[in-house]
>>> print(open('my_file-v8.cif').read())   # mmCIF, C-alpha atoms
data_my_file
#
loop_
_atom_site.label_atom_id
_atom_site.label_comp_id
_atom_site.auth_asym_id
_atom_site.auth_seq_id
_atom_site.Cartn_x
_atom_site.Cartn_y
_atom_site.Cartn_z
CA GLN A 1 14.58 5.26 -10.51
CA ARG A 2 15.02 1.51 -10.82
CA PHE A 3 17.66 -0.38 -8.87
CA ARG A 4 18.89 -3.87 -9.71
CA PHE A 5 19.43 -4.82 -6.09
CA CYS A 6 15.73 -4.03 -5.41
CA GLY A 7 14.70 -6.33 -8.25
CA ASP A 8 14.46 -3.57 -10.88
CA LEU A 9 11.96 -1.68 -8.76
CA ASP A 10 12.15 1.60 -6.85
CA CYS A 11 14.20 1.62 -3.68
CA PRO A 12 11.89 1.47 -0.61
CA ASP A 13 11.54 4.81 1.20
CA TRP A 14 12.74 3.47 4.53
CA VAL A 15 16.01 2.24 2.95
CA LEU A 16 16.61 5.69 1.46
CA ALA A 17 16.00 7.24 4.86
CA GLU A 18 18.44 4.95 6.66
CA ILE A 19 21.33 5.48 4.18
CA GLY A 20 21.99 8.69 6.11
CA THR A 21 22.27 6.72 9.37
CA LEU A 22 24.76 4.34 7.74
CA ALA A 23 26.90 7.28 6.62
CA ARG A 24 27.26 8.40 10.25
CA ILE A 25 29.18 5.23 11.16
CA SER A 26 32.84 5.05 10.11
CA SER A 27 33.49 2.84 7.08
CA VAL A 28 35.76 0.45 9.02
CA LYS A 29 33.12 -0.09 11.72
CA LEU A 30 30.44 -0.47 9.05
CA LYS A 31 32.39 -3.36 7.48
CA LEU A 32 32.54 -5.10 10.89
CA ILE A 33 28.79 -4.58 11.44
CA CYS A 34 28.23 -6.07 7.96
CA ALA A 35 30.18 -9.15 9.02
CA GLN A 36 27.82 -9.56 12.01
CA VAL A 37 24.71 -9.08 9.87
CA LEU A 38 26.03 -11.66 7.37
CA ARG A 39 26.49 -14.10 10.26
CA ASP A 40 22.82 -13.61 11.17
CA LEU A 41 21.69 -14.09 7.56
CA LEU A 42 23.72 -17.30 7.28
CA GLY A 43 22.04 -18.78 10.37
CA ASP A 44 24.63 -18.03 13.06
CA THR A 45 23.69 -16.01 16.14
CA ILE A 46 24.22 -12.28 15.87
CA GLU A 47 26.39 -10.66 18.58
CA TYR A 48 24.27 -7.64 19.43
CA GLU A 49 26.65 -6.29 22.11
CA LYS A 50 29.49 -6.07 19.57
CA ILE A 51 27.25 -4.05 17.25
CA LEU A 52 26.28 -1.75 20.14
CA LYS A 53 29.96 -1.17 20.91
CA LEU A 54 30.73 -0.44 17.25
CA THR A 55 27.88 2.06 16.96
CA SER A 56 28.55 3.81 20.27
CA ASP A 57 31.06 6.19 18.63
CA ALA A 58 28.48 7.42 16.16
CA LYS A 59 26.14 8.05 19.13
CA LEU A 60 23.24 6.15 17.60
CA GLU A 61 20.10 5.57 19.66
CA SER A 62 18.80 2.03 20.10
CA GLY A 63 16.17 2.63 17.39
CA ASP A 64 18.91 3.72 14.95
CA VAL A 65 21.00 0.61 15.73
CA LYS A 66 18.05 -1.65 14.92
CA ALA A 67 17.36 0.35 11.75
CA THR A 68 21.02 -0.05 10.71
CA ILE A 69 20.83 -3.82 11.14
CA ALA A 70 17.52 -3.94 9.26
CA VAL A 71 18.74 -1.89 6.29
CA LEU A 72 22.00 -3.87 6.01
CA SER A 73 20.02 -7.15 6.15
CA PHE A 74 17.76 -5.90 3.39
CA ILE A 75 20.57 -4.68 1.13
CA LEU A 76 22.68 -7.83 1.49
CA SER A 77 19.88 -10.39 1.16
CA SER A 78 18.14 -8.50 -1.66
CA ALA A 79 21.41 -8.20 -3.62
CA ALA A 80 22.03 -11.94 -3.19
CA LYS A 81 18.42 -12.69 -4.17
CA HIS A 82 18.72 -10.81 -7.48
CA ASN A 83 22.29 -12.03 -8.10
CA VAL A 84 23.80 -8.56 -8.22
CA ASP A 85 27.60 -8.45 -8.55
CA SER A 86 29.48 -6.35 -6.02
CA GLU A 87 30.54 -3.55 -8.43
CA SER A 88 26.96 -2.86 -9.52
CA LEU A 89 25.86 -2.93 -5.87
CA SER A 90 28.59 -0.45 -4.96
CA SER A 91 27.64 1.98 -7.72
CA GLU A 92 23.91 1.70 -6.92
CA LEU A 93 24.54 2.37 -3.20
CA GLN A 94 26.63 5.42 -4.12
CA GLN A 95 23.73 6.64 -6.30
CA LEU A 96 21.56 6.44 -3.16
CA GLY A 97 23.99 8.67 -1.32
CA LEU A 98 26.23 6.25 0.55
CA PRO A 99 29.87 7.54 0.61
CA LYS A 100 32.37 5.67 -1.59
CA GLU A 101 34.47 4.04 1.20
CA HIS A 102 31.34 2.83 2.99
CA ALA A 103 29.93 1.34 -0.22
CA SER A 104 33.18 -0.40 -1.16
CA GLY A 105 33.63 -1.83 2.38
CA LEU A 106 30.07 -3.15 2.35
CA CYS A 107 30.48 -4.66 -1.12
CA ARG A 108 33.76 -6.35 -0.22
CA SER A 109 32.01 -8.12 2.70
CA TYR A 110 29.13 -8.98 0.36
CA GLU A 111 31.43 -10.39 -2.32
CA GLU A 112 33.16 -12.74 0.15
CA LYS A 113 29.89 -14.23 1.31
CA GLN A 114 27.76 -13.91 -1.82
CA SER A 115 27.75 -17.58 -2.81
CA SER A 116 27.17 -18.90 0.73
CA LEU A 117 24.34 -16.38 1.13
CA GLN A 118 22.76 -17.59 -2.11
CA ASP A 119 23.18 -21.23 -1.01
CA SER A 120 21.45 -20.57 2.31
CA LEU A 121 18.64 -18.65 0.56
CA ARG A 122 18.20 -21.56 -1.85
CA ALA A 123 17.99 -23.99 1.09
CA CYS A 124 15.21 -22.06 2.79
CA SER A 125 13.13 -21.63 -0.39
CA LEU A 126 9.59 -22.92 -0.25
CA ARG A 127 9.52 -26.69 -0.08
CA LEU A 128 6.44 -28.63 0.93
CA SER A 129 7.97 -31.88 2.09
CA GLN A 130 11.21 -33.78 1.80
CA LEU A 131 12.15 -37.46 1.64
CA ASP A 132 14.27 -38.17 4.66
CA SER A 133 15.06 -41.83 4.13
CA VAL A 134 13.75 -45.09 2.65
CA CYS A 135 13.80 -48.42 4.49
CA TRP A 136 13.12 -51.72 2.78
CA ARG A 137 12.70 -55.37 3.55
CA VAL A 138 12.17 -58.36 1.27
CA ASP A 139 9.92 -61.14 2.55
CA TYR A 140 8.94 -64.45 1.07
CA THR A 141 5.32 -65.46 1.65
CA LEU A 142 5.05 -69.19 2.19
CA SER A 143 1.33 -69.64 2.65
CA SER A 144 -1.81 -67.74 3.64
CA SER A 145 -5.39 -68.35 4.81
CA GLU A 146 -6.54 -68.18 1.16
CA LEU A 147 -3.97 -70.42 -0.49
CA ARG A 148 -1.77 -73.14 1.04
CA GLU A 149 1.31 -72.67 -1.14
CA VAL A 150 1.91 -69.02 -2.07
CA ASN A 151 5.71 -68.94 -2.49
CA GLU A 152 6.00 -65.33 -3.59
CA PRO A 153 8.44 -62.58 -2.68
CA LEU A 154 7.12 -59.33 -1.19
CA VAL A 155 8.89 -55.98 -0.76
CA HIS A 156 8.11 -53.69 2.18
CA LEU A 157 9.06 -50.06 1.61
CA THR A 158 8.80 -47.31 4.27
CA PHE A 159 9.24 -43.70 3.07
CA ASN A 160 10.12 -41.28 5.87
CA LEU A 161 8.81 -37.86 4.89
CA ARG A 162 9.90 -34.69 6.64
CA ASP A 163 7.29 -31.94 6.72
CA GLY A 164 8.82 -28.64 5.57
CA GLU A 165 6.92 -26.55 8.10
CA SER A 166 7.21 -28.43 11.40
CA GLY A 167 10.27 -30.58 10.69
CA LYS A 168 8.45 -33.67 11.93
CA THR A 169 8.92 -36.97 10.09
CA ALA A 170 5.98 -39.11 9.03
CA ALA A 171 6.41 -42.74 7.95
CA VAL A 172 4.50 -44.00 4.90
CA PRO A 173 4.70 -47.80 4.69
CA THR A 174 3.82 -49.76 1.52
CA ALA A 175 4.05 -53.39 0.49
CA LEU A 176 4.56 -54.37 -3.17
CA SER A 177 4.66 -57.62 -5.11
CA ALA A 178 7.74 -58.32 -7.24
CA ASP A 179 6.06 -57.24 -10.52
CA LYS A 180 4.73 -53.97 -9.12
CA PHE A 181 8.11 -53.24 -7.64
CA ARG A 182 9.78 -53.79 -11.02
CA VAL A 183 7.35 -51.32 -12.63
CA LEU A 184 8.05 -48.75 -9.91
CA LEU A 185 11.78 -49.16 -10.34
CA ALA A 186 11.59 -48.81 -14.13
CA GLU A 187 9.50 -45.62 -13.92
CA LEU A 188 11.78 -44.06 -11.30
CA LYS A 189 14.83 -44.89 -13.44
CA GLN A 190 13.17 -43.07 -16.39
CA ALA A 191 12.50 -40.04 -14.18
CA GLN A 192 16.09 -40.09 -12.99
CA ALA A 193 17.38 -40.17 -16.58
CA LEU A 194 15.21 -37.12 -17.35
CA MET A 195 16.59 -35.29 -14.32
CA ASN A 196 20.15 -36.09 -15.39
CA THR A 197 19.59 -34.52 -18.81
CA LEU A 198 18.76 -31.23 -17.05
CA LEU A 199 21.72 -31.09 -14.67
CA CYS B 1 -5.36 -6.39 47.89
CA ALA B 2 -3.85 -7.47 51.21
CA PHE B 3 -1.36 -4.58 51.04
CA PHE B 4 -4.11 -2.03 50.69
CA THR B 5 -6.25 -3.72 53.37
CA GLY B 6 -3.49 -3.10 55.89
CA LYS B 7 -2.90 0.47 54.75
CA LEU B 8 -6.55 1.55 54.62
CA ASN B 9 -7.81 -0.51 57.54
CA VAL B 10 -10.83 -1.93 55.74
CA GLY B 11 -11.86 -5.48 54.83
CA VAL B 12 -10.45 -7.35 51.80
CA ASP B 13 -13.90 -7.40 50.24
CA ALA B 14 -14.19 -3.64 50.45
CA VAL B 15 -10.85 -3.17 48.69
CA GLN B 16 -11.82 -5.65 45.99
CA HIS B 17 -15.19 -3.96 45.43
CA GLY B 18 -13.45 -0.61 45.32
CA VAL B 19 -11.01 -1.77 42.63
CA GLU B 20 -13.79 -3.39 40.60
CA GLY B 21 -15.96 -0.28 40.87
CA LEU B 22 -13.13 1.99 39.74
CA THR B 23 -12.30 -0.34 36.85
CA TYR B 24 -15.93 -0.41 35.72
CA LEU B 25 -16.20 3.39 35.94
CA LEU B 26 -13.08 3.95 33.87
CA THR B 27 -13.71 1.29 31.22
CA GLU B 28 -17.34 2.29 30.64
CA SER B 29 -16.44 5.99 30.42
CA SER B 30 -13.56 5.28 28.03
CA LYS B 31 -15.70 2.88 25.96
CA LEU B 32 -18.39 5.53 25.45
CA MET B 33 -15.79 8.32 25.11
CA ILE B 34 -17.82 10.70 27.24
CA SER B 35 -16.74 14.30 27.60
CA GLU B 36 -15.17 15.75 30.74
CA THR B 37 -18.36 17.59 31.77
CA ASP B 38 -20.50 14.47 31.35
CA PHE B 39 -18.04 12.46 33.44
CA GLN B 40 -18.06 15.13 36.15
CA ASP B 41 -21.87 15.24 36.21
CA SER B 42 -22.03 11.46 36.46
CA ILE B 43 -19.74 11.20 39.47
CA GLN B 44 -21.39 14.17 41.26
CA VAL B 45 -24.26 11.76 41.93
CA LEU B 46 -21.98 9.52 43.99
CA GLY B 47 -21.54 12.23 46.63
CA PHE B 48 -17.75 12.22 46.91
CA SER B 49 -15.68 15.18 48.04
CA ASP B 50 -14.62 17.79 45.46
CA ASP B 51 -10.97 16.78 45.67
CA LEU B 52 -11.85 13.16 44.97
CA ASN B 53 -14.01 14.20 42.01
CA LYS B 54 -11.18 16.28 40.55
CA LEU B 55 -8.80 13.33 41.03
CA LEU B 56 -11.20 10.94 39.29
CA VAL B 57 -11.65 13.32 36.33
CA GLN B 58 -7.88 13.71 35.99
CA LEU B 59 -7.41 9.92 36.16
CA TYR B 60 -10.05 9.45 33.46
CA LEU B 61 -8.58 12.03 31.09
CA GLU B 62 -5.00 10.82 31.47
CA ASN B 63 -5.74 7.14 30.88
CA ARG B 64 -8.62 7.38 28.42
CA LYS B 65 -6.52 6.92 25.27
CA GLU B 66 -4.62 3.91 26.58
CA ILE B 67 -7.76 2.21 27.87
CA ARG B 68 -9.42 2.73 24.49
CA SER B 69 -6.50 1.17 22.63
CA ILE B 70 -6.57 -1.88 24.92
CA LEU B 71 -10.36 -2.19 24.48
CA GLY B 72 -9.86 -1.97 20.71
CA GLU B 73 -7.76 -5.14 20.76
CA LEU B 74 -10.51 -7.14 22.46
CA ALA B 75 -12.77 -7.15 19.38
CA PRO B 76 -13.04 -10.51 17.55
CA LYS B 77 -10.64 -10.81 14.63
CA LEU B 78 -10.41 -12.84 11.47
CA PRO B 79 -7.13 -14.49 10.51
CA SER B 80 -4.80 -11.84 9.14
CA TYR B 81 -1.96 -11.97 6.66
CA HIS B 82 1.46 -12.71 8.08
CA ASN B 83 3.73 -13.94 5.28
CA LEU B 84 3.60 -15.36 1.75
CA GLU B 85 6.27 -17.70 0.41
CA TRP B 86 6.17 -18.58 -3.26
CA ARG B 87 7.94 -20.74 -5.80
CA LEU B 88 7.85 -20.87 -9.61
CA ASP B 89 8.16 -24.37 -11.12
CA VAL B 90 7.95 -25.82 -14.61
CA GLN B 91 6.64 -29.33 -15.13
CA LEU B 92 8.71 -30.93 -17.89
CA ALA B 93 7.46 -34.50 -17.87
CA SER B 94 5.17 -36.84 -16.03
CA ARG B 95 4.70 -40.59 -16.09
CA SER B 96 1.99 -40.31 -18.72
CA LEU B 97 3.41 -37.52 -20.91
CA ARG B 98 6.92 -36.40 -21.77
CA GLN B 99 8.11 -33.16 -23.39
CA GLN B 100 5.75 -30.83 -21.54
CA ILE B 101 6.14 -27.24 -20.49
CA LYS B 102 3.66 -26.43 -17.75
CA PRO B 103 4.53 -23.55 -15.43
CA ALA B 104 2.97 -23.41 -11.96
CA VAL B 105 3.24 -21.05 -9.00
CA THR B 106 3.14 -22.71 -5.56
CA MET B 107 2.37 -20.46 -2.60
CA LYS B 108 2.36 -20.92 1.15
CA LEU B 109 0.17 -18.36 2.90
CA HIS B 110 0.93 -17.83 6.60
CA LEU B 111 -2.00 -16.46 8.63
CA HIS B 112 -2.11 -15.23 12.22
CA GLN B 113 -5.16 -15.10 14.46
CA ASP B 114 -4.53 -14.13 18.09
CA ASP B 115 -1.51 -16.43 18.59
CA ASP B 116 -2.97 -19.13 16.31
CA GLN B 117 -0.85 -19.70 13.22
CA THR B 118 -2.28 -21.47 10.20
CA VAL B 119 -0.71 -22.28 6.88
CA GLN B 120 -2.50 -22.63 3.53
CA VAL B 121 -0.73 -24.16 0.54
CA LEU B 122 -2.06 -23.00 -2.84
CA GLN B 123 -1.03 -23.69 -6.39
CA THR B 124 -2.03 -21.90 -9.58
CA ASP B 125 -0.94 -21.41 -13.19
CA PRO B 126 0.40 -17.99 -14.24
CA SER B 127 -2.76 -16.84 -16.08
CA THR B 128 -4.95 -17.41 -13.00
CA LEU B 129 -2.35 -15.59 -10.93
CA LEU B 130 -2.50 -12.61 -13.29
CA HIS B 131 -6.31 -12.62 -13.04
CA LEU B 132 -6.02 -12.71 -9.23
CA ILE B 133 -3.61 -9.76 -9.25
CA GLN B 134 -5.97 -7.84 -11.56
CA GLN B 135 -8.93 -8.44 -9.22
CA LEU B 136 -6.95 -7.33 -6.15
CA GLU B 137 -5.77 -4.18 -7.94
CA GLN B 138 -9.38 -3.42 -8.88
CA ALA B 139 -10.34 -3.80 -5.20
CA LEU B 140 -7.57 -1.38 -4.20
CA GLY B 141 -8.74 0.97 -6.94
CA GLU B 142 -12.17 1.20 -5.30
CA MET B 143 -10.61 3.34 -2.59
CA LYS B 144 -10.05 6.06 -5.19
CA THR B 145 -13.68 6.31 -6.31
CA ASN B 146 -15.73 9.34 -5.26
CA HIS B 147 -18.03 7.22 -3.09
CA CYS B 148 -15.19 5.88 -0.91
CA ARG B 149 -13.42 9.25 -0.84
CA ARG B 150 -16.59 10.92 0.50
CA ILE B 151 -16.92 8.35 3.30
CA VAL B 152 -13.24 8.57 4.27
CA ARG B 153 -13.45 12.37 4.37
CA ASN B 154 -16.50 12.21 6.65
CA MET B 155 -14.83 9.77 8.98
CA LYS B 156 -11.80 11.95 9.72
#
>>> encode(input="my_file-v8.cif", output="structure tokens")
Amino acid sequence: QRFRFCGDLDCPDWVLAEIGTLARISSVKLKLICAQVLRDLLGDTIEYEKILKLTSDAKLESGDVKATIAVLSFILSSAAKHNVDSESLSSELQQLGLPKEHASGLCRSYEEKQSSLQDSLRACSLRLSQLDSVCWRVDYTLSSSELREVNEPLVHLTFNLRDGESGKTAAVPTALSADKFRVLLAELKQAQALMNTLL
Amino acid sequence: CAFFTGKLNVGVDAVQHGVEGLTYLLTESSKLMISETDFQDSIQVLGFSDDLNKLLVQLYLENRKEIRSILGELAPKLPSYHNLEWRLDVQLASRSLRQQIKPAVTMKLHLHQDDDQTVQVLQTDPSTLLHLIQQLEQALGEMKTNHCRRIVRNMK
């Protein structure tokens, strides 16, 4: 059977198996554990001791606690990835066997954080490199070893690129004459106009 | 080593040789996966007491599996798959040509090799990607042929 929150594919076997573990926790505590898992997905640190305290009533072993966190992470991030609204998510989770109060608690937490989750997922999408900043300087060349009176302006541009993988910045310096710089500016303005038509 | 030297009242060298000898005995026996009787026959030659022989056999049988799994990890390895990130883009215009529609899939393949992590960036158009998927599915399909099934059955 196809599920929207799994990207219109079958639900993975391990998720099906852990739905039973989720049902053992009370629905109120499940909503609080969801809040912790959402914090982890949004880049904050997860408070593992709080989760251990919340699961102690259900007498879960340490392996079950980790499985709970893993399955909640999967459900929430996969639903955000495929842009599933919270009602559809709730009905699909109930089809998998999750009790109604548990599903509605989980989906309420999901609905609150859905757009911030999607924003953070968009930010960590594959990106090869990024332009950090541009520095420029305009010089005026008076003379050189080839010609006594040059009298021409010169633009120095330094592009600071940030590598997506390591986060290190690399500087790419270039020097352009006034004409070349005008061509560059004109072409970039055309590209910007094209980008604006798409926004 | 110093701890055992005091306890056993022998030189440091003797303790070290003893440990090395024991290690060699256990790793070679585990590597070759010799049976209990073969192991017993081999150590009979050393002339130890019966109790010591029994102890050595017990030690070998208890730790054989773990030693074999550790030895298995020592074999040389090629870089293995760790993660694949991908992105689907459409090129709409370039400096030389406007009004284009050119889809491309950009992938970043993360590989692991014994603590070394390498990254490969690849880019392809959708038809090449479909061909790639088809080839990989054919490779997986080979496992279902009679030839492979016969070999797998014999290995179990």
>>> residues_around(input="my_file-v8.cif", residues="segment 77-91 of chain A", least_positions_apart="2", cutoff="8 Å", atoms="only C-alpha atoms", output="VMD selection string")
chain A and resid 4 to 7 41 73 to 75 93 to 95 100 103 to 104 106 to 108 110 to 111 114 117 to 118 121
>>> write_last_selection(input="my_file-v8.cif", atoms="C-alpha atoms", output="PDB file, in the frame of the given file")
ATOM      1  CA  ARG A   4      18.890  -3.870  -9.710  1.00  0.00           C
ATOM      2  CA  PHE A   5      19.430  -4.820  -6.090  1.00  0.00           C
ATOM      3  CA  CYS A   6      15.730  -4.030  -5.410  1.00  0.00           C
ATOM      4  CA  GLY A   7      14.700  -6.330  -8.250  1.00  0.00           C
ATOM      5  CA  LEU A  41      21.690 -14.090   7.560  1.00  0.00           C
ATOM      6  CA  SER A  73      20.020  -7.150   6.150  1.00  0.00           C
ATOM      7  CA  PHE A  74      17.760  -5.900   3.390  1.00  0.00           C
ATOM      8  CA  ILE A  75      20.570  -4.680   1.130  1.00  0.00           C
ATOM      9  CA  LEU A  93      24.540   2.370  -3.200  1.00  0.00           C
ATOM     10  CA  GLN A  94      26.630   5.420  -4.120  1.00  0.00           C
ATOM     11  CA  GLN A  95      23.730   6.640  -6.300  1.00  0.00           C
ATOM     12  CA  LYS A 100      32.370   5.670  -1.590  1.00  0.00           C
ATOM     13  CA  ALA A 103      29.930   1.340  -0.220  1.00  0.00           C
ATOM     14  CA  SER A 104      33.180  -0.400  -1.160  1.00  0.00           C
ATOM     15  CA  LEU A 106      30.070  -3.150   2.350  1.00  0.00           C
ATOM     16  CA  CYS A 107      30.480  -4.660  -1.120  1.00  0.00           C
ATOM     17  CA  ARG A 108      33.760  -6.350  -0.220  1.00  0.00           C
ATOM     18  CA  TYR A 110      29.130  -8.980   0.360  1.00  0.00           C
ATOM     19  CA  GLU A 111      31.430 -10.390  -2.320  1.00  0.00           C
ATOM     20  CA  GLN A 114      27.760 -13.910  -1.820  1.00  0.00           C
ATOM     21  CA  LEU A 117      24.340 -16.380   1.130  1.00  0.00           C
ATOM     22  CA  GLN A 118      22.760 -17.590  -2.110  1.00  0.00           C
ATOM     23  CA  LEU A 121      18.640 -18.650   0.560  1.00  0.00           C
TER      24      LEU A 121
END
>>> interface_residues(input="my_file-v8.cif", of="chain A", to="chain B", cutoff="10 Å", atoms="only C-alpha atoms", output="VMD selection string")
chain A and resid 125 to 128 165 187 to 188 190 to 191 194 to 195
>>> residues_around(input="my_file-v8.cif", residues="segment 141-154 of chain A", least_positions_apart="4", cutoff="9 Å", atoms="all atoms listed in the file", output="JSON, numbers by chain")
{"A": [137, 175, 176, 177, 178, 181]}
>>> resolve_selection(input="my_file-v8.cif", expression="the PyMOL selection byres ((chain A and resi 47) around 12)", output="MDAnalysis selection string")
chainID A and resid 32:40 44:46 48:54 69
>>> write_last_selection(input="my_file-v8.cif", atoms="C-alpha atoms", output="mmCIF file, keeping the file's coordinate frame")
data_model
loop_
_atom_site.group_PDB
_atom_site.id
_atom_site.type_symbol
_atom_site.label_atom_id
_atom_site.label_comp_id
_atom_site.auth_asym_id
_atom_site.auth_seq_id
_atom_site.Cartn_x
_atom_site.Cartn_y
_atom_site.Cartn_z
ATOM 1 C CA LEU A 32 32.540 -5.100 10.890
ATOM 2 C CA ILE A 33 28.790 -4.580 11.440
ATOM 3 C CA CYS A 34 28.230 -6.070 7.960
ATOM 4 C CA ALA A 35 30.180 -9.150 9.020
ATOM 5 C CA GLN A 36 27.820 -9.560 12.010
ATOM 6 C CA VAL A 37 24.710 -9.080 9.870
ATOM 7 C CA LEU A 38 26.030 -11.660 7.370
ATOM 8 C CA ARG A 39 26.490 -14.100 10.260
ATOM 9 C CA ASP A 40 22.820 -13.610 11.170
ATOM 10 C CA ASP A 44 24.630 -18.030 13.060
ATOM 11 C CA THR A 45 23.690 -16.010 16.140
ATOM 12 C CA ILE A 46 24.220 -12.280 15.870
ATOM 13 C CA TYR A 48 24.270 -7.640 19.430
ATOM 14 C CA GLU A 49 26.650 -6.290 22.110
ATOM 15 C CA LYS A 50 29.490 -6.070 19.570
ATOM 16 C CA ILE A 51 27.250 -4.050 17.250
ATOM 17 C CA LEU A 52 26.280 -1.750 20.140
ATOM 18 C CA LYS A 53 29.960 -1.170 20.910
ATOM 19 C CA LEU A 54 30.730 -0.440 17.250
ATOM 20 C CA ILE A 69 20.830 -3.820 11.140
#
>>> residues_around(input="my_file-v8.cif", residues="Thr68 of chain A", least_positions_apart="5", cutoff="8 Å", atoms="only C-alpha atoms", output="PyMOL selection string")
chain A and resi 18+21-22
>>> resolve_selection(input="my_file-v8.cif", expression="the PyMOL selection byres ((chain B and resi 67) around 12)", output="JSON, numbers by chain")
{"B": [23, 24, 25, 26, 27, 28, 29, 30, 31, 32, 33, 59, 60, 61, 62, 63, 64, 65, 66, 68, 69, 70, 71, 72, 73, 74]}
>>> atom_distance(input="my_file-v8.cif", atom1="atom CA of Leu130 of chain B", atom2="atom CA of Arg149 of chain B")
27.4 Å
>>> resolve_selection(input="my_file-v8.cif", expression="the PyMOL selection byres ((chain A and resi 26-29) around 7)", output="ChimeraX atom specification")
/A:24-25,30-33,54,101-102,105
>>> atom_distance(input="my_file-v8.cif", atom1="atom CA of Leu161 of chain A", atom2="atom CA of Asp119 of chain A")
22.8 Å
>>> atom_distance(input="my_file-v8.cif", atom1="atom CA of Glu61 of chain A", atom2="atom CA of Ala17 of chain A")
15.4 Å
>>> axis_aligned_box(input="my_file-v8.cif", around="segment 73-89 of chain B", padding_each_side="6 Å", output="JSON")
{"center_x": -2.4, "center_y": -14.8, "center_z": 5.7, "size_x": 33.2, "size_y": 31.2, "size_z": 45.6}
>>> residues_around(input="my_file-v8.cif", residues="His82 of chain B", least_positions_apart="2", cutoff="12 Å", atoms="only C-alpha atoms", output="PDB file with C-alpha atoms, in the frame of the given file")
ATOM      1  CA  PRO B  79      -7.130 -14.490  10.510  1.00  0.00           C
ATOM      2  CA  SER B  80      -4.800 -11.840   9.140  1.00  0.00           C
ATOM      3  CA  LEU B  84       3.600 -15.360   1.750  1.00  0.00           C
ATOM      4  CA  GLU B  85       6.270 -17.700   0.410  1.00  0.00           C
ATOM      5  CA  LYS B 108       2.360 -20.920   1.150  1.00  0.00           C
ATOM      6  CA  LEU B 109       0.170 -18.360   2.900  1.00  0.00           C
ATOM      7  CA  HIS B 110       0.930 -17.830   6.600  1.00  0.00           C
ATOM      8  CA  LEU B 111      -2.000 -16.460   8.630  1.00  0.00           C
ATOM      9  CA  HIS B 112      -2.110 -15.230  12.220  1.00  0.00           C
ATOM     10  CA  GLN B 113      -5.160 -15.100  14.460  1.00  0.00           C
ATOM     11  CA  ASP B 114      -4.530 -14.130  18.090  1.00  0.00           C
ATOM     12  CA  ASP B 115      -1.510 -16.430  18.590  1.00  0.00           C
ATOM     13  CA  ASP B 116      -2.970 -19.130  16.310  1.00  0.00           C
ATOM     14  CA  GLN B 117      -0.850 -19.700  13.220  1.00  0.00           C
ATOM     15  CA  THR B 118      -2.280 -21.470  10.200  1.00  0.00           C
ATOM     16  CA  VAL B 119      -0.710 -22.280   6.880  1.00  0.00           C
ATOM     17  CA  GLN B 120      -2.500 -22.630   3.530  1.00  0.00           C
TER      18      GLN B 120
END
